Amino acid sequence: WRSTQLSGGASATVLGPSGVGPSGVRWSVCIRLRPIMAKIRLFIDHPLAEGQGVELNPDQAHYLSSVMRQGAGDEILVFNGRDGEWLARIERIAKRNGALAALRRTAPQLNPPDLWLVFAPIKKARTDFIVEKAAEMGAARILPVQTDHTNSERIRQDRLQAHAVEAAEQCGGTFVPEVGDLVPLSRLLDGWDAGRRILWADEALAGPAQVLSGLPRGPWAILIGPEGGWSESERKRLAAMDCVTPVALGPRILRADTAAVASLALWQAALGDWR
């Protein structure tokens with residue numbers, strides 16, 4: 001037998017003659033596929049340029065050295081949300097500190113459309129899910145709001161921001177959306193810029209999902225309500241705003257986390273960067 005290395009970590013092994021055909025010997029070939037290890041991606045809040053040195057914070061150093069078992073000389077991918085994605089080499093690494101050197105840019109900066117996700121927080125794990133999926137699906141800003149029927153009275157903004165960073169690291173993005181602090185919906189609407197249209201996911205409109213392709217492009221926000229639904233006063237205020245477009249998300253009433261994903265998908269497919 002004879003083994004040959006192929007690209008991508010695969011190997012082909014010739015296992016000897018298995019029969020004789022019209023043109024001579026016929027061989028059996030066994031191809032063994034090995035999974036390709038994904039390159040580690042890390043968000044770095046630091047300018048990136050060729051030859052730029054980057055100091056690692058304790059959490060990043062611990063992750064690379066203790067969790068991912070990386071050492072000096074290993075290469076990872078880094079991004080900062082401004083300068084695209086870069087290949088970087090680990091110059092030194094310890095449990096609590098380390099340093100990288102940026103080598104070359106591997107992907108340009110790709111910013112999402114000017115789309116905000118405004119949502120009422122729900123249970124902890126499902127709020128985490130909403131933030132993660134919003135970051136993956138291309139929201140430029142994520143704003144938790146307190147509505148009349150919101151069950152959660154507080155959030156951990158720093159924890160949700162960390163989830164947005166992790167989602168960007170894992171999905172190959174080069175942009176991390178800002179996650180805002182929890183604010184009352186009424187206060188947010190008081191200062192709302194009428195130039196930013198609102199796509200209001202209204203569970204009262206359950207029916208065929210609407211086509212959004214006829215809506216104007218430009219700055220938008222998707223508004224997702226709480227598990228308890230909208231209050232009458234909130235409904236009246238939203239219905240009276242010229243910049244608000246109510247939308248149905250299908251014949252079934254969706255949970256808040258499902259409605260967020262469905263709304264983002266509809267908007268991105270019709271008006272965003274999925275077109």
# chains A, B, ... in the order shown; residues from 1 in each chain; ligands from 1
call {"tool": "residues_around", "arguments": {"residues": "Thr106 in chain A", "least_positions_apart": "5", "cutoff": "7 Å", "atoms": "only C-alpha atoms", "output": "PyMOL selection string"}}
result
chain A and resi 85-87
call {"tool": "write_last_selection", "arguments": {"atoms": "all heavy atoms", "output": "compact mmCIF listing (two decimals), in the first residue's frame"}}
result
# COMPACT_ATOMS: atom_id res chain seq x y z
N GLU A 85 -10.01 41.70 9.51
CA GLU A 85 -9.47 40.53 10.21
C GLU A 85 -7.99 40.39 9.87
O GLU A 85 -7.57 40.57 8.73
CB GLU A 85 -10.23 39.27 9.77
CG GLU A 85 -9.73 37.99 10.40
CD GLU A 85 -10.36 36.77 9.75
OE1 GLU A 85 -9.89 36.37 8.65
OE2 GLU A 85 -11.32 36.22 10.33
N TRP A 86 -7.19 40.02 10.88
CA TRP A 86 -5.74 39.92 10.71
C TRP A 86 -5.22 38.59 11.22
O TRP A 86 -5.73 38.03 12.21
CB TRP A 86 -5.04 41.04 11.48
CG TRP A 86 -5.20 42.38 10.82
CD1 TRP A 86 -6.32 43.15 10.79
CD2 TRP A 86 -4.20 43.08 10.08
NE1 TRP A 86 -6.09 44.30 10.08
CE2 TRP A 86 -4.79 44.29 9.63
CE3 TRP A 86 -2.87 42.82 9.77
CZ2 TRP A 86 -4.09 45.22 8.88
CZ3 TRP A 86 -2.16 43.75 9.03
CH2 TRP A 86 -2.76 44.93 8.58
N LEU A 87 -4.21 38.08 10.53
CA LEU A 87 -3.44 36.94 11.03
C LEU A 87 -2.41 37.48 12.01
O LEU A 87 -1.69 38.44 11.69
CB LEU A 87 -2.76 36.20 9.89
CG LEU A 87 -1.96 34.95 10.28
CD1 LEU A 87 -2.91 33.85 10.74
CD2 LEU A 87 -1.10 34.48 9.10
call {"tool": "residues_around", "arguments": {"residues": "range 60-66 of chain A", "least_positions_apart": "6", "cutoff": "8 Å", "atoms": "only C-alpha atoms", "output": "ChimeraX atom specification"}}
result
/A:93-98
call {"tool": "residues_around", "arguments": {"residues": "range 254-261 of chain A", "least_positions_apart": "5", "cutoff": "9 Å", "atoms": "only C-alpha atoms", "output": "list in words"}}
result
Leu117, Phe119, Ala120, Pro121, Ile122, Arg126, Thr127, Phe129, Ile130, Lys133, Ala134, Met137, Ala201, Glu203, Ile222, Leu223, Ile224, Gly225, Pro226, Glu227, Leu249 and Leu266 of chain A
call {"tool": "write_last_selection", "arguments": {"atoms": "C-alpha atoms", "output": "mmCIF file, in the first residue's frame"}}
result
data_model
loop_
_atom_site.group_PDB
_atom_site.id
_atom_site.type_symbol
_atom_site.label_atom_id
_atom_site.label_comp_id
_atom_site.auth_asym_id
_atom_site.auth_seq_id
_atom_site.Cartn_x
_atom_site.Cartn_y
_atom_site.Cartn_z
ATOM 1 C CA LEU A 117 -32.694 45.394 17.377
ATOM 2 C CA PHE A 119 -36.299 44.061 22.413
ATOM 3 C CA ALA A 120 -37.791 43.463 25.840
ATOM 4 C CA PRO A 121 -35.550 41.109 27.878
ATOM 5 C CA ILE A 122 -36.956 37.720 28.824
ATOM 6 C CA ARG A 126 -33.221 33.293 26.051
ATOM 7 C CA THR A 127 -32.042 36.904 26.330
ATOM 8 C CA PHE A 129 -29.780 33.769 22.707
ATOM 9 C CA ILE A 130 -31.371 36.932 21.276
ATOM 10 C CA LYS A 133 -28.276 35.687 17.121
ATOM 11 C CA ALA A 134 -28.604 39.431 16.573
ATOM 12 C CA MET A 137 -27.364 38.002 11.782
ATOM 13 C CA ALA A 201 -43.457 42.833 15.306
ATOM 14 C CA GLU A 203 -48.417 39.550 17.650
ATOM 15 C CA ILE A 222 -36.792 46.041 14.686
ATOM 16 C CA LEU A 223 -39.021 46.182 17.774
ATOM 17 C CA ILE A 224 -39.775 42.935 19.637
ATOM 18 C CA GLY A 225 -42.172 42.953 22.584
ATOM 19 C CA PRO A 226 -42.240 41.120 25.920
ATOM 20 C CA GLU A 227 -43.673 37.703 26.750
ATOM 21 C CA LEU A 249 -44.516 37.075 11.310
ATOM 22 C CA LEU A 266 -37.100 38.892 6.935
#
call {"tool": "select_by_dssp", "arguments": {"residues": "range 7-217 of chain A", "states": "helix (DSSP H, G or I)", "output": "ChimeraX atom specification"}}
result
/A:7-9,58-67,124-137,157-171,185-190,203-205
call {"tool": "select_by_dssp", "arguments": {"residues": "range 106-148 of chain A", "states": "strand (DSSP E)", "output": "list in words"}}
result
Thr106, Ala107, Leu115, Trp116, Leu117, Val118, Phe119, Arg141, Ile142, Leu143, Pro144, Val145 and Gln146 of chain A
call {"tool": "residues_around", "arguments": {"residues": "Glu166 in chain A", "least_positions_apart": "6", "cutoff": "9 Å", "atoms": "only C-alpha atoms", "output": "VMD selection string"}}
result
chain A and resid 42 to 43 132
call {"tool": "write_last_selection", "arguments": {"atoms": "C-alpha atoms", "output": "tab-separated table (two decimals), in the first residue's frame"}}
result
chain	number	residue	atom	x	y	z
A	42	LEU	CA	-10.16	36.68	18.95
A	43	PHE	CA	-11.65	40.15	19.33
A	132	GLU	CA	-26.01	36.12	20.14
call {"tool": "closest_residue", "arguments": {"among": "A:Ala269, A:Ala140, A:Leu185, A:Val179", "to": "Leu110 in chain A", "atoms": "only C-alpha atoms"}}
result
A:Ala140
call {"tool": "atom_distance", "arguments": {"atom1": "CA of Asp158 in chain A", "atom2": "CA of Asp181 in chain A"}}
result
9.1 Å
call {"tool": "closest_residue", "arguments": {"among": "A:Arg41, A:Trp116, A:Arg105, A:Leu238", "to": "Ser186 in chain A", "atoms": "only C-alpha atoms"}}
result
A:Leu238
call {"tool": "residues_around", "arguments": {"residues": "Val247 in chain A", "least_positions_apart": "5", "cutoff": "9 Å", "atoms": "only C-alpha atoms", "output": "PDB file with N, CA, C and O atoms, in the first residue's frame"}}
result
ATOM      1  N   LEU A 199     -39.689  48.636  12.472  1.00  0.00           N
ATOM      2  CA  LEU A 199     -40.457  47.463  12.066  1.00  0.00           C
ATOM      3  C   LEU A 199     -40.996  46.829  13.341  1.00  0.00           C
ATOM      4  O   LEU A 199     -40.244  46.233  14.117  1.00  0.00           O
ATOM      5  N   TRP A 200     -42.286  46.980  13.559  1.00  0.00           N
ATOM      6  CA  TRP A 200     -42.917  46.567  14.815  1.00  0.00           C
ATOM      7  C   TRP A 200     -43.501  45.164  14.640  1.00  0.00           C
ATOM      8  O   TRP A 200     -44.463  44.980  13.905  1.00  0.00           O
ATOM      9  N   ALA A 201     -42.927  44.197  15.330  1.00  0.00           N
ATOM     10  CA  ALA A 201     -43.457  42.833  15.306  1.00  0.00           C
ATOM     11  C   ALA A 201     -44.647  42.773  16.261  1.00  0.00           C
ATOM     12  O   ALA A 201     -44.487  42.681  17.475  1.00  0.00           O
ATOM     13  N   ASP A 202     -45.849  42.826  15.681  1.00  0.00           N
ATOM     14  CA  ASP A 202     -47.083  42.908  16.468  1.00  0.00           C
ATOM     15  C   ASP A 202     -47.776  41.552  16.436  1.00  0.00           C
ATOM     16  O   ASP A 202     -48.271  41.116  15.400  1.00  0.00           O
ATOM     17  N   GLU A 203     -47.820  40.895  17.604  1.00  0.00           N
ATOM     18  CA  GLU A 203     -48.417  39.550  17.650  1.00  0.00           C
ATOM     19  C   GLU A 203     -49.908  39.575  17.334  1.00  0.00           C
ATOM     20  O   GLU A 203     -50.479  38.547  16.953  1.00  0.00           O
ATOM     21  N   LEU A 205     -51.198  40.769  14.820  1.00  0.00           N
ATOM     22  CA  LEU A 205     -51.348  40.659  13.363  1.00  0.00           C
ATOM     23  C   LEU A 205     -51.027  39.267  12.846  1.00  0.00           C
ATOM     24  O   LEU A 205     -50.685  39.115  11.671  1.00  0.00           O
ATOM     25  N   ALA A 206     -51.107  38.253  13.690  1.00  0.00           N
ATOM     26  CA  ALA A 206     -50.778  36.896  13.255  1.00  0.00           C
ATOM     27  C   ALA A 206     -51.526  36.553  11.974  1.00  0.00           C
ATOM     28  O   ALA A 206     -52.746  36.687  11.885  1.00  0.00           O
ATOM     29  N   ALA A 209     -46.958  35.863   6.679  1.00  0.00           N
ATOM     30  CA  ALA A 209     -45.803  36.754   6.833  1.00  0.00           C
ATOM     31  C   ALA A 209     -45.768  37.764   5.695  1.00  0.00           C
ATOM     32  O   ALA A 209     -46.015  37.430   4.540  1.00  0.00           O
ATOM     33  N   GLN A 210     -45.475  39.009   6.019  1.00  0.00           N
ATOM     34  CA  GLN A 210     -45.523  40.076   5.025  1.00  0.00           C
ATOM     35  C   GLN A 210     -44.217  40.196   4.255  1.00  0.00           C
ATOM     36  O   GLN A 210     -43.137  39.891   4.767  1.00  0.00           O
ATOM     37  N   LEU A 212     -41.385  42.447   2.705  1.00  0.00           N
ATOM     38  CA  LEU A 212     -40.843  43.749   3.081  1.00  0.00           C
ATOM     39  C   LEU A 212     -40.119  44.447   1.950  1.00  0.00           C
ATOM     40  O   LEU A 212     -39.642  45.571   2.123  1.00  0.00           O
ATOM     41  N   SER A 263     -37.740  38.140  12.491  1.00  0.00           N
ATOM     42  CA  SER A 263     -37.764  39.527  12.010  1.00  0.00           C
ATOM     43  C   SER A 263     -36.440  39.919  11.374  1.00  0.00           C
ATOM     44  O   SER A 263     -36.408  40.560  10.311  1.00  0.00           O
TER      45      SER A 263
END
call {"tool": "atom_distance", "arguments": {"atom1": "CA of Pro251 in chain A", "atom2": "CA of Gln268 in chain A"}}
result
20.6 Å
call {"tool": "residues_around", "arguments": {"residues": "Asn80 in chain A", "least_positions_apart": "4", "cutoff": "7 Å", "atoms": "only C-alpha atoms", "output": "PyMOL selection string"}}
result
chain A and resi 43-46
call {"tool": "residues_around", "arguments": {"residues": "Gly138 in chain A", "least_positions_apart": "4", "cutoff": "8 Å", "atoms": "only C-alpha atoms", "output": "number ranges by chain"}}
result
A: 112-113, 115, 134
call {"tool": "atom_distance", "arguments": {"atom1": "CA of His163 in chain A", "atom2": "CA of Leu188 in chain A"}}
result
23.4 Å
call {"tool": "closest_residue", "arguments": {"among": "A:Ser213, A:Glu91, A:Arg156, A:Glu169", "to": "Lys39 in chain A", "atoms": "only C-alpha atoms"}}
result
A:Glu169
call {"tool": "closest_residue", "arguments": {"among": "A:Ala101, A:Val118, A:Leu56, A:Ile90", "to": "Leu143 in chain A", "atoms": "only C-alpha atoms"}}
result
A:Val118
call {"tool": "decode", "arguments": {"residues": "range 137-150 of chain A", "atoms": "all heavy atoms", "output": "PDB file, in the first residue's frame"}}
result
ATOM      1  N   MET A 137     -26.524  37.703  12.935  1.00  0.00           N
ATOM      2  CA  MET A 137     -27.364  38.002  11.782  1.00  0.00           C
ATOM      3  C   MET A 137     -27.219  39.433  11.272  1.00  0.00           C
ATOM      4  O   MET A 137     -27.876  39.824  10.326  1.00  0.00           O
ATOM      5  CB  MET A 137     -28.827  37.706  12.126  1.00  0.00           C
ATOM      6  CG  MET A 137     -29.060  36.232  12.456  1.00  0.00           C
ATOM      7  SD  MET A 137     -30.769  35.858  12.892  1.00  0.00           S
ATOM      8  CE  MET A 137     -31.548  35.954  11.276  1.00  0.00           C
ATOM      9  N   GLY A 138     -26.345  40.222  11.888  1.00  0.00           N
ATOM     10  CA  GLY A 138     -26.015  41.505  11.307  1.00  0.00           C
ATOM     11  C   GLY A 138     -26.730  42.703  11.877  1.00  0.00           C
ATOM     12  O   GLY A 138     -26.927  43.696  11.166  1.00  0.00           O
ATOM     13  N   ALA A 139     -27.096  42.680  13.162  1.00  0.00           N
ATOM     14  CA  ALA A 139     -27.619  43.897  13.799  1.00  0.00           C
ATOM     15  C   ALA A 139     -26.444  44.810  14.134  1.00  0.00           C
ATOM     16  O   ALA A 139     -25.408  44.349  14.612  1.00  0.00           O
ATOM     17  CB  ALA A 139     -28.403  43.556  15.053  1.00  0.00           C
ATOM     18  N   ALA A 140     -26.603  46.110  13.900  1.00  0.00           N
ATOM     19  CA  ALA A 140     -25.532  47.056  14.179  1.00  0.00           C
ATOM     20  C   ALA A 140     -25.565  47.547  15.627  1.00  0.00           C
ATOM     21  O   ALA A 140     -24.545  48.002  16.150  1.00  0.00           O
ATOM     22  CB  ALA A 140     -25.626  48.249  13.238  1.00  0.00           C
ATOM     23  N   ARG A 141     -26.724  47.456  16.261  1.00  0.00           N
ATOM     24  CA  ARG A 141     -26.869  47.891  17.653  1.00  0.00           C
ATOM     25  C   ARG A 141     -27.993  47.089  18.291  1.00  0.00           C
ATOM     26  O   ARG A 141     -28.993  46.782  17.623  1.00  0.00           O
ATOM     27  CB  ARG A 141     -27.179  49.392  17.710  1.00  0.00           C
ATOM     28  CG  ARG A 141     -27.025  50.017  19.091  1.00  0.00           C
ATOM     29  CD  ARG A 141     -27.280  51.506  19.039  1.00  0.00           C
ATOM     30  NE  ARG A 141     -27.116  52.118  20.347  1.00  0.00           N
ATOM     31  CZ  ARG A 141     -27.616  53.297  20.694  1.00  0.00           C
ATOM     32  NH1 ARG A 141     -28.321  53.999  19.809  1.00  0.00           N
ATOM     33  NH2 ARG A 141     -27.432  53.792  21.899  1.00  0.00           N
ATOM     34  N   ILE A 142     -27.834  46.765  19.570  1.00  0.00           N
ATOM     35  CA  ILE A 142     -28.811  45.945  20.288  1.00  0.00           C
ATOM     36  C   ILE A 142     -29.242  46.721  21.527  1.00  0.00           C
ATOM     37  O   ILE A 142     -28.411  47.080  22.371  1.00  0.00           O
ATOM     38  CB  ILE A 142     -28.206  44.575  20.678  1.00  0.00           C
ATOM     39  CG1 ILE A 142     -27.712  43.842  19.423  1.00  0.00           C
ATOM     40  CG2 ILE A 142     -29.215  43.740  21.434  1.00  0.00           C
ATOM     41  CD1 ILE A 142     -26.886  42.602  19.723  1.00  0.00           C
ATOM     42  N   LEU A 143     -30.553  46.990  21.625  1.00  0.00           N
ATOM     43  CA  LEU A 143     -31.067  47.842  22.689  1.00  0.00           C
ATOM     44  C   LEU A 143     -32.146  47.120  23.496  1.00  0.00           C
ATOM     45  O   LEU A 143     -33.273  46.955  23.028  1.00  0.00           O
ATOM     46  CB  LEU A 143     -31.654  49.126  22.097  1.00  0.00           C
ATOM     47  CG  LEU A 143     -30.689  50.051  21.350  1.00  0.00           C
ATOM     48  CD1 LEU A 143     -31.448  51.203  20.710  1.00  0.00           C
ATOM     49  CD2 LEU A 143     -29.618  50.562  22.290  1.00  0.00           C
ATOM     50  N   PRO A 144     -31.853  46.687  24.718  1.00  0.00           N
ATOM     51  CA  PRO A 144     -32.894  46.133  25.591  1.00  0.00           C
ATOM     52  C   PRO A 144     -33.759  47.263  26.149  1.00  0.00           C
ATOM     53  O   PRO A 144     -33.240  48.321  26.530  1.00  0.00           O
ATOM     54  CB  PRO A 144     -32.096  45.449  26.712  1.00  0.00           C
ATOM     55  CG  PRO A 144     -30.662  45.439  26.252  1.00  0.00           C
ATOM     56  CD  PRO A 144     -30.520  46.593  25.314  1.00  0.00           C
ATOM     57  N   VAL A 145     -35.084  47.046  26.188  1.00  0.00           N
ATOM     58  CA  VAL A 145     -35.994  48.077  26.686  1.00  0.00           C
ATOM     59  C   VAL A 145     -36.954  47.496  27.723  1.00  0.00           C
ATOM     60  O   VAL A 145     -37.318  46.321  27.665  1.00  0.00           O
ATOM     61  CB  VAL A 145     -36.808  48.730  25.544  1.00  0.00           C
ATOM     62  CG1 VAL A 145     -35.901  49.554  24.644  1.00  0.00           C
ATOM     63  CG2 VAL A 145     -37.568  47.687  24.723  1.00  0.00           C
ATOM     64  N   GLN A 146     -37.344  48.348  28.642  1.00  0.00           N
ATOM     65  CA  GLN A 146     -38.330  47.992  29.664  1.00  0.00           C
ATOM     66  C   GLN A 146     -39.703  48.427  29.174  1.00  0.00           C
ATOM     67  O   GLN A 146     -39.941  49.618  28.928  1.00  0.00           O
ATOM     68  CB  GLN A 146     -37.992  48.707  30.976  1.00  0.00           C
ATOM     69  CG  GLN A 146     -38.923  48.385  32.127  1.00  0.00           C
ATOM     70  CD  GLN A 146     -38.486  47.138  32.865  1.00  0.00           C
ATOM     71  OE1 GLN A 146     -37.307  46.862  32.960  1.00  0.00           O
ATOM     72  NE2 GLN A 146     -39.443  46.389  33.374  1.00  0.00           N
ATOM     73  N   THR A 147     -40.616  47.478  28.985  1.00  0.00           N
ATOM     74  CA  THR A 147     -41.980  47.785  28.574  1.00  0.00           C
ATOM     75  C   THR A 147     -42.924  47.606  29.760  1.00  0.00           C
ATOM     76  O   THR A 147     -42.509  47.191  30.850  1.00  0.00           O
ATOM     77  CB  THR A 147     -42.423  46.870  27.417  1.00  0.00           C
ATOM     78  OG1 THR A 147     -42.555  45.525  27.916  1.00  0.00           O
ATOM     79  CG2 THR A 147     -41.412  46.885  26.283  1.00  0.00           C
ATOM     80  N   ASP A 148     -44.183  47.902  29.551  1.00  0.00           N
ATOM     81  CA  ASP A 148     -45.151  47.778  30.647  1.00  0.00           C
ATOM     82  C   ASP A 148     -45.264  46.347  31.158  1.00  0.00           C
ATOM     83  O   ASP A 148     -45.567  46.134  32.334  1.00  0.00           O
ATOM     84  CB  ASP A 148     -46.527  48.270  30.184  1.00  0.00           C
ATOM     85  CG  ASP A 148     -46.563  49.771  29.962  1.00  0.00           C
ATOM     86  OD1 ASP A 148     -45.626  50.455  30.440  1.00  0.00           O
ATOM     87  OD2 ASP A 148     -47.499  50.262  29.306  1.00  0.00           O
ATOM     88  N   HIS A 149     -45.023  45.360  30.292  1.00  0.00           N
ATOM     89  CA  HIS A 149     -45.180  43.957  30.682  1.00  0.00           C
ATOM     90  C   HIS A 149     -43.860  43.191  30.677  1.00  0.00           C
ATOM     91  O   HIS A 149     -43.871  41.963  30.664  1.00  0.00           O
ATOM     92  CB  HIS A 149     -46.175  43.253  29.757  1.00  0.00           C
ATOM     93  CG  HIS A 149     -47.563  43.794  29.842  1.00  0.00           C
ATOM     94  ND1 HIS A 149     -48.512  43.611  28.854  1.00  0.00           N
ATOM     95  CD2 HIS A 149     -48.177  44.531  30.811  1.00  0.00           C
ATOM     96  CE1 HIS A 149     -49.638  44.211  29.198  1.00  0.00           C
ATOM     97  NE2 HIS A 149     -49.462  44.776  30.377  1.00  0.00           N
ATOM     98  N   THR A 150     -42.734  43.902  30.710  1.00  0.00           N
ATOM     99  CA  THR A 150     -41.439  43.223  30.754  1.00  0.00           C
ATOM    100  C   THR A 150     -41.234  42.582  32.118  1.00  0.00           C
ATOM    101  O   THR A 150     -41.433  43.226  33.157  1.00  0.00           O
ATOM    102  CB  THR A 150     -40.285  44.218  30.484  1.00  0.00           C
ATOM    103  OG1 THR A 150     -40.468  44.786  29.187  1.00  0.00           O
ATOM    104  CG2 THR A 150     -38.938  43.517  30.532  1.00  0.00           C
TER     105      THR A 150
END
